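Notes for the one structure printed next.
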Amino acid sequence: LVIRSGSDGKFIINNSGEIKLSSKLDRETNKKHTLVVQASDGVQTSTATVVVTVTDINDSPPTFKQSLYTFDVPEDTAVGTTLGRVEAEDLDEGIAGEVYYTLLTTWGSDLFMLDLQKGTFTLRGNLDFEEIQLYTLKVKAEDRGSPVLSSTVTIFMNIKDTNDNEPVFDPMSYSTEVKEDVAIGTSVGMVSATDVDS
């Protein structure tokens with residue numbers, strides 16, 4: 001007995017007809033192996049087809065499509081605006097391939113809401129560039145297989161400044177005295193205004 005085709009180095013057969021694995025299988029690479037087995041008595045030969053279907057186990061963790069996510073968010077963005085999406089995929093089948101997201105970071109969770117199924121971030125509070133310019137968040141993607149497999153990714157919420165503050169004079173009023181005979185071009189005083197916007 002010999003395997004004529006379809007083995008891909010994964011299967012061997014002995015003289016009693018027992019087919020054994022010779023290397024590890026991976027359903028994500030090949031779901032089905034079709035083997036052609038030949039028997040010969042020295043004069044006559046015949047062949048049979050053996051189909052080996054590889055069933056899935058939960059051996060692939062969710063994998064994020066990016067190793068790092070950065071979202072630029074203007075500080076005047078309206079509450080309820082979708083800011084961006086993280087996405088992970090899982091090569092396993094069935095519930096073992098279903099991905100759910102969890103926001104691991106508590107700091108900033110009052111401002112950024114994560115959709116557990118879609119992986120989208122929505123703004124849920126008001127931002128202020130003058131207070132905080134960057135939020136660093138961590139998200140976990142996990143499947144529903146047994147055992148549960150997961151991976152994490154870092155998200156930078158980069159808050160962008162907008163011109164939301166008017167210039168402020170310090171002090172608010174000035175007073176100066178100038179002699180009537182001073183020359184043109186003479187400095188008669190100095191005023192100062194600051195703006196906290198960048």
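Identifiers in the structure tokens: chain A, B, ... in order shown; residue index from 1 per chain; ligand index from 1 in order shown.
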Each residue of region 118-145 of chain A with at least one atom at most 6 Å from region 89-111 of chain A should appear once, together with its nearest atom pair and the corresponding distance in Å (one decimal); atoms considered: only C-alpha atoms; ordering: chain, then increasing residue number; output as a tab-separated table.
residue	atom	partner	partner_atom	distance
A:Leu123	CA	A:Leu111	CA	5.8
A:Arg124	CA	A:Leu111	CA	4.8
A:Gly125	CA	A:Leu111	CA	4.6
A:Leu137	CA	A:Thr105	CA	5.5
A:Lys138	CA	A:Leu104	CA	5.4
A:Val139	CA	A:Leu103	CA	4.7
A:Lys140	CA	A:Thr102	CA	5.2
A:Ala141	CA	A:Tyr101	CA	4.6
A:Glu142	CA	A:Tyr100	CA	5.5
A:Asp143	CA	A:Val99	CA	4.7
A:Arg144	CA	A:Ala96	CA	5.0
A:Gly145	CA	A:Ala96	CA	3.8
* Mind checking which residues fall within 9 Å of Arg4 (chain A), counting only C-alpha atoms, ignoring those fewer than 3 positions away in the same chain, and posting them as an MDAnalysis selection string? => chainID A and resid 7 35:38 47
Filtering to N, CA and C atoms, could you give me those residues as a short mmCIF file (atom, residue, chain, number, x, y, z; two decimals), in the first residue's frame?
data_model
loop_
_atom_site.label_atom_id
_atom_site.label_comp_id
_atom_site.auth_asym_id
_atom_site.auth_seq_id
_atom_site.Cartn_x
_atom_site.Cartn_y
_atom_site.Cartn_z
N SER A 7 -0.77 13.61 -0.08
CA SER A 7 -0.25 13.50 1.28
C SER A 7 0.37 14.81 1.77
N LEU A 35 -6.42 12.05 -0.31
CA LEU A 35 -5.33 11.10 -0.54
C LEU A 35 -5.76 10.07 -1.56
N VAL A 36 -4.86 9.75 -2.46
CA VAL A 36 -5.07 8.63 -3.38
C VAL A 36 -4.16 7.50 -2.94
N VAL A 37 -4.79 6.39 -2.48
CA VAL A 37 -4.05 5.24 -1.96
C VAL A 37 -4.07 4.14 -3.02
N GLN A 38 -2.91 3.55 -3.25
CA GLN A 38 -2.80 2.48 -4.26
C GLN A 38 -2.41 1.17 -3.58
N THR A 47 -6.89 1.70 -6.90
CA THR A 47 -6.73 2.90 -6.08
C THR A 47 -8.02 3.21 -5.34
#
* Using only C-alpha atoms, which residues sit within 9 Å of Thr34 (chain A) once same-chain residues fewer than 5 positions away are excluded, as a VMD selection string? -> chain A and resid 5 to 7 49 to 53
* To do: Quote the spacing between CA of Ser150 (chain A) and CA of Lys31 (chain A) in Å to one decimal place.
  =>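 CA of Lys31 (chain A) lies 23.2 Å from CA of Ser150 (chain A).
The space separating CA of Ser23 (chain A) from CA of Lys10 (chain A) comes to 4.9 Å.
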Excluding same-chain residues fewer than 6 positions from Asn126 (chain A), what lies within 8 Å of it counting only C-alpha atoms, as a compact mmCIF listing (two decimals) with N, CA and C atoms, in the first residue's frame?
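Final output, part.txt:
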# COMPACT_ATOMS: atom_id res chain seq x y z
N GLU A 75 -9.97 69.13 19.55
CA GLU A 75 -10.55 69.30 20.89
C GLU A 75 -12.01 69.75 20.87
N ASP A 76 -12.47 70.32 19.75
CA ASP A 76 -13.86 70.77 19.67
C ASP A 76 -14.78 69.74 19.02
N THR A 77 -14.32 68.48 18.93
CA THR A 77 -15.14 67.41 18.36
C THR A 77 -16.41 67.23 19.20
N ALA A 78 -17.54 67.08 18.52
CA ALA A 78 -18.83 66.96 19.21
C ALA A 78 -18.96 65.61 19.90
N VAL A 79 -19.57 65.61 21.07
CA VAL A 79 -19.87 64.36 21.78
C VAL A 79 -20.77 63.50 20.88
N LEU A 111 -14.29 59.46 28.64
CA LEU A 111 -14.33 60.26 27.42
C LEU A 111 -14.49 59.44 26.15
Kindly assemble as CSV a list of the region 118-170 of chain A residues that lie within 12 Å of region 183-192 of chain A, each paired with its nearest atom pair and their distance in Å to one decimal, using only C-alpha atoms, sorted first by chain and then by ascending residue number.
residue,atom,partner,partner_atom,distance
A:Pro167,CA,A:Ser192,CA,9.7
A:Val168,CA,A:Ser192,CA,8.4
A:Phe169,CA,A:Ser192,CA,5.7
A:Asp170,CA,A:Ser192,CA,6.0
* Hey, can you check how far CA of Gly17 (chain A) sits from CA of Thr55 (chain A)? ->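 These two atoms are separated by 22.5 Å.
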* Extract the full set of helix (DSSP H, G or I) residues from region 45-157 of chain A according to DSSP on the backbone, and format it as JSON, numbers by chain. => {"A": [94, 95, 96, 97]}
* Taking the chain letters and numbering used in this document, name the residues of chain A that DSSP puts in strand (DSSP E or B), as a VMD selection string. => chain A and resid 2 to 5 11 to 13 19 to 21 32 to 40 45 to 53 63 to 64 68 to 74 82 to 85 88 to 89 100 to 103 112 to 114 120 to 123 134 to 142 150 to 160 168 to 169 193 to 194
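Of the listed residues A:Leu25, A:Ala48, A:Ile159, A:Ala39, the one whose atoms come nearest to Ile132 (chain A) is A:Ile159, with distances taken using only C-alpha atoms.
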* Taking only C-alpha atoms into account, which of A:Val153, A:Leu21, A:Phe71, A:Thr45 comes nearest Ala88 (chain A)? ->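 Once distances to Ala88 (chain A) are computed over only C-alpha atoms, the minimum belongs to A:Val153.
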